Every structure is written in C-alpha cells, then in structure tokens.
Amino acid sequence: MTSRVTLISAATTPSLRRARFDDGDSLDAGGAARARAAAGCLPTAGRVLASPSPRCRETATALGLTASEEAELAGLDVGRWRGRTLEEVSTAEPEAVARWLADPGAAPHGGESVRALCGRVARWLETSGRADGRTVAVVEPEVIRAVVVNVLDAPGPAFWRLDVPPLTATELTGRSGRWNLRLGHPLGDAPGSFLVSRESQCCDRTGPSG
C-alpha cells in the first residue's frame, strides 16, 4: 500500500512576523483565526503529529486536530540565537551568520546544524515510509524544507532557497526513497495539480525565512 504524509506549516506568531528566531511564543490573533477558519479541510489520517513547540501544538488545536508530539519533527535548534532577530545576529556575528548560511554542517550558534536537521528528518521519513495510510503533521517550516531537500536529493544550500508560507500543506505520496512531492498550497484551497519528482528543481529564493 501507499504511504501518504501531509505536512502543515504552523500559523503565524509574533516572532515569525518580526523575522525573529523562534523563542516558543504562541500564535498571534490573526494566525489563530486563519487556522480555525481552515478547520475541517484536512483529510482523515491514521496518525496526527506535531512538532513539540507551542505554535505547532496551538495550530493543530485550532485546526481541530488532536496531535501527538513528535520529537524528531522539532524545529532547528539555533542555540544562543534563540529569540533574537536575524538582523541582530548578523550585526553582532556577521562571520558566524555567513558561515551558517553557506555551510550546512556549521552550527556557530551552538545548536544544531542544517545537515543534522536534515538527517533527523530523513530518519523520520524512513519510518513514515514503512507505514500504510495517511499521516498529518503540523510542523515548523524548516522541517518542511528538510523534507524537500531529502526527497529531491537537493544539495544542502538549497535548504535556504525554499520559502514555506504559514498554513500551507505539502504532501508526499509513495514509499521511503520513492516519494512524490506536491509543494505547499494554502489550507482551504484546492490542491495544485502537479507532482514534483526527484529530478525537479527547488524554488529560487535566498536567505532564511519562515
């Protein structure tokens, strides 16, 4: 049988709007309202998961989902940069930020590297690919980036060239190592009609977002 995984990016928070590294804040009023408005639009799933962060748990609840926390779907640990804006960090540590953006294996903040995140998400995908039925997971945007990098076998720097808007659904269909990918569409809208294979190209966008 075929495995199906629907990844939902979390709704907006104050830190997201200010381009600040997540510090565990809750959804803002607009994000919560948009999530509640999209409740009921998701397919029935055999298991429902969420990244272990307030905004992902709150997004799942607003969508009417009862989700279990999944440690392997945690967002990127940015160490001492947590709670600071990218502008603040770039001013204080320009060389460290440049190295972090250029080298997927770098973790100058003392947290987790992009390569480590992608490896962690790849292990989760391997497990999900052995499960029949559908999984719905409300996750941090960087988790979706890591999924796309893994599925397309894209180079590490492509991680920063992917834009993941809030409350969009990215769908995977297939098995471990043989996933088809439908890129994010807004919840409540009709899904796009295209599927992206491993040979497809990533979005052309530079710098961190989401």
# chains A, B, ... in the order shown; residues from 1 in each chain; ligands from 1

call {"tool": "residues_around", "arguments": {"residues": "Gly129 of chain A", "least_positions_apart": "3", "cutoff": "6 Å", "atoms": "only C-alpha atoms", "output": "list in words"}}
result
Ser3, Leu125, Glu126, Arg175 and Ser176 of chain A

call {"tool": "write_last_selection", "arguments": {"atoms": "N, CA and C atoms", "output": "compact mmCIF listing (two decimals), in the first residue's frame"}}
result
# COMPACT_ATOMS: atom_id res chain seq x y z
N SER A 3 1.99 5.03 1.28
CA SER A 3 2.02 5.93 2.43
C SER A 3 1.74 7.35 1.94
N LEU A 125 11.32 10.28 7.97
CA LEU A 125 10.71 9.92 6.69
C LEU A 125 10.86 8.43 6.41
N GLU A 126 12.01 7.88 6.76
CA GLU A 126 12.24 6.44 6.55
C GLU A 126 11.21 5.63 7.31
N ARG A 175 6.68 5.75 -0.98
CA ARG A 175 7.38 4.93 -0.01
C ARG A 175 8.73 5.54 0.27
N SER A 176 9.42 5.05 1.31
CA SER A 176 10.75 5.55 1.62
C SER A 176 11.65 5.46 0.41

call {"tool": "residues_around", "arguments": {"residues": "Leu7 of chain A", "least_positions_apart": "2", "cutoff": "10 Å", "atoms": "only C-alpha atoms", "output": "list in words"}}
result
Arg4, Val5, Ser9, Ala10, Leu49, Ala50, Thr135, Val136, Ala137, Val138, Val139, Glu140, Pro141, Val143, Ile144, Val147, Leu167, Thr168, Ala169, Thr170, Glu171, Leu172, Leu183 and Gly184 of chain A

call {"tool": "residues_around", "arguments": {"residues": "Leu27 of chain A", "least_positions_apart": "5", "cutoff": "10 Å", "atoms": "only C-alpha atoms", "output": "list in words"}}
result
Ala10, Ala11, Thr12, Thr13, Pro14, Ser15, Leu16, Ala32, Ala33, Ala35, Pro54, Arg55, Cys56, Arg57, Glu58, Thr59 and Ala62 of chain A

call {"tool": "select_by_dssp", "arguments": {"residues": "chain A", "states": "helix (DSSP H, G or I)", "output": "MDAnalysis selection string"}}
result
chainID A and resid 14:17 29:37 54:62 71:73 79:81 86:92 94:102 114:128 141:151 156:161

call {"tool": "write_last_selection", "arguments": {"atoms": "C-alpha atoms", "output": "PDB file, in the first residue's frame"}}
result
ATOM      1  CA  PRO A  14       4.901  37.483  16.680  1.00  0.00           C
ATOM      2  CA  SER A  15       8.437  36.102  16.261  1.00  0.00           C
ATOM      3  CA  LEU A  16       7.668  34.929  12.731  1.00  0.00           C
ATOM      4  CA  ARG A  17       6.344  38.346  11.739  1.00  0.00           C
ATOM      5  CA  ALA A  29      -4.589  36.513  16.834  1.00  0.00           C
ATOM      6  CA  GLY A  30      -4.517  36.538  13.035  1.00  0.00           C
ATOM      7  CA  GLY A  31      -2.701  33.218  12.770  1.00  0.00           C
ATOM      8  CA  ALA A  32      -5.053  31.530  15.218  1.00  0.00           C
ATOM      9  CA  ALA A  33      -8.109  32.882  13.380  1.00  0.00           C
ATOM     10  CA  ARG A  34      -6.851  31.668   9.995  1.00  0.00           C
ATOM     11  CA  ALA A  35      -6.130  28.225  11.423  1.00  0.00           C
ATOM     12  CA  ARG A  36      -9.623  27.987  12.925  1.00  0.00           C
ATOM     13  CA  ALA A  37     -11.100  29.044   9.581  1.00  0.00           C
ATOM     14  CA  PRO A  54       3.729  25.946  21.275  1.00  0.00           C
ATOM     15  CA  ARG A  55       2.902  27.323  17.833  1.00  0.00           C
ATOM     16  CA  CYS A  56       2.642  23.876  16.255  1.00  0.00           C
ATOM     17  CA  ARG A  57       0.548  22.461  19.096  1.00  0.00           C
ATOM     18  CA  GLU A  58      -1.730  25.518  19.013  1.00  0.00           C
ATOM     19  CA  THR A  59      -2.038  25.347  15.227  1.00  0.00           C
ATOM     20  CA  ALA A  60      -3.065  21.702  15.434  1.00  0.00           C
ATOM     21  CA  THR A  61      -5.680  22.508  18.080  1.00  0.00           C
ATOM     22  CA  ALA A  62      -7.044  25.437  16.056  1.00  0.00           C
ATOM     23  CA  ALA A  71      10.497  14.805  18.899  1.00  0.00           C
ATOM     24  CA  GLU A  72      12.083  14.021  15.513  1.00  0.00           C
ATOM     25  CA  LEU A  73       9.948  16.790  13.967  1.00  0.00           C
ATOM     26  CA  GLY A  79      21.282  27.685  20.341  1.00  0.00           C
ATOM     27  CA  ARG A  80      22.135  31.110  21.724  1.00  0.00           C
ATOM     28  CA  TRP A  81      20.431  32.870  18.780  1.00  0.00           C
ATOM     29  CA  LEU A  86      18.391  37.709  12.136  1.00  0.00           C
ATOM     30  CA  GLU A  87      19.329  41.379  11.804  1.00  0.00           C
ATOM     31  CA  GLU A  88      20.598  41.495  15.392  1.00  0.00           C
ATOM     32  CA  VAL A  89      22.663  38.356  14.965  1.00  0.00           C
ATOM     33  CA  SER A  90      24.028  39.476  11.591  1.00  0.00           C
ATOM     34  CA  THR A  91      25.193  42.751  13.150  1.00  0.00           C
ATOM     35  CA  ALA A  92      26.778  41.094  16.177  1.00  0.00           C
ATOM     36  CA  PRO A  94      28.415  38.630  10.684  1.00  0.00           C
ATOM     37  CA  GLU A  95      31.065  35.986  10.012  1.00  0.00           C
ATOM     38  CA  ALA A  96      29.175  33.359  12.002  1.00  0.00           C
ATOM     39  CA  VAL A  97      25.928  34.049  10.136  1.00  0.00           C
ATOM     40  CA  ALA A  98      27.712  33.944   6.770  1.00  0.00           C
ATOM     41  CA  ARG A  99      29.261  30.586   7.653  1.00  0.00           C
ATOM     42  CA  TRP A 100      25.920  29.236   8.870  1.00  0.00           C
ATOM     43  CA  LEU A 101      24.164  30.178   5.627  1.00  0.00           C
ATOM     44  CA  ALA A 102      26.945  28.843   3.397  1.00  0.00           C
ATOM     45  CA  VAL A 114      21.118  22.245   8.967  1.00  0.00           C
ATOM     46  CA  ARG A 115      22.788  18.969   7.959  1.00  0.00           C
ATOM     47  CA  ALA A 116      21.910  17.444  11.326  1.00  0.00           C
ATOM     48  CA  LEU A 117      18.308  18.626  10.979  1.00  0.00           C
ATOM     49  CA  CYS A 118      18.048  17.106   7.503  1.00  0.00           C
ATOM     50  CA  GLY A 119      19.473  13.833   8.821  1.00  0.00           C
ATOM     51  CA  ARG A 120      16.973  13.738  11.669  1.00  0.00           C
ATOM     52  CA  VAL A 121      14.051  14.419   9.331  1.00  0.00           C
ATOM     53  CA  ALA A 122      15.345  11.790   6.879  1.00  0.00           C
ATOM     54  CA  ARG A 123      15.197   9.189   9.643  1.00  0.00           C
ATOM     55  CA  TRP A 124      11.613  10.169  10.386  1.00  0.00           C
ATOM     56  CA  LEU A 125      10.711   9.916   6.694  1.00  0.00           C
ATOM     57  CA  GLU A 126      12.238   6.440   6.545  1.00  0.00           C
ATOM     58  CA  THR A 127       9.953   5.328   9.356  1.00  0.00           C
ATOM     59  CA  SER A 128       6.901   7.040   7.847  1.00  0.00           C
ATOM     60  CA  PRO A 141       8.752  25.477   8.305  1.00  0.00           C
ATOM     61  CA  GLU A 142      12.376  24.320   8.499  1.00  0.00           C
ATOM     62  CA  VAL A 143      11.159  20.737   8.891  1.00  0.00           C
ATOM     63  CA  ILE A 144       9.327  21.045   5.566  1.00  0.00           C
ATOM     64  CA  ARG A 145      12.475  22.486   3.977  1.00  0.00           C
ATOM     65  CA  ALA A 146      14.429  19.495   5.251  1.00  0.00           C
ATOM     66  CA  VAL A 147      11.806  17.135   3.829  1.00  0.00           C
ATOM     67  CA  VAL A 148      12.014  18.753   0.386  1.00  0.00           C
ATOM     68  CA  VAL A 149      15.828  18.650   0.412  1.00  0.00           C
ATOM     69  CA  ASN A 150      15.723  14.946   1.275  1.00  0.00           C
ATOM     70  CA  VAL A 151      13.008  13.955  -1.198  1.00  0.00           C
ATOM     71  CA  GLY A 156      22.381  21.305   1.381  1.00  0.00           C
ATOM     72  CA  PRO A 157      22.469  25.023   0.456  1.00  0.00           C
ATOM     73  CA  ALA A 158      19.088  24.575  -1.299  1.00  0.00           C
ATOM     74  CA  PHE A 159      17.579  24.493   2.204  1.00  0.00           C
ATOM     75  CA  TRP A 160      17.734  28.310   2.319  1.00  0.00           C
ATOM     76  CA  ARG A 161      16.193  28.677  -1.144  1.00  0.00           C
TER      77      ARG A 161
END

call {"tool": "atom_distance", "arguments": {"atom1": "atom CA of Trp179 of chain A", "atom2": "atom CA of Leu152 of chain A"}}
result
8.8 Å

call {"tool": "select_by_dssp", "arguments": {"residues": "segment 18-167 of chain A", "states": "strand (DSSP E or B)", "output": "ChimeraX atom specification"}}
result
/A:20,47-50,68-69,85,133-139

call {"tool": "atom_distance", "arguments": {"atom1": "atom CA of Gly110 of chain A", "atom2": "atom CA of Ala74 of chain A"}}
result
16.5 Å

call {"tool": "atom_distance", "arguments": {"atom1": "atom CA of Val48 of chain A", "atom2": "atom CA of Arg20 of chain A"}}
result
27.7 Å

call {"tool": "closest_residue", "arguments": {"among": "A:Leu181, A:Gly188, A:Asp132, A:Asp28", "to": "Cys41 of chain A", "atoms": "only C-alpha atoms"}}
result
A:Gly188

call {"tool": "closest_residue", "arguments": {"among": "A:Asn180, A:Ala106, A:Leu187, A:Pro43", "to": "Pro166 of chain A", "atoms": "only C-alpha atoms"}}
result
A:Leu187
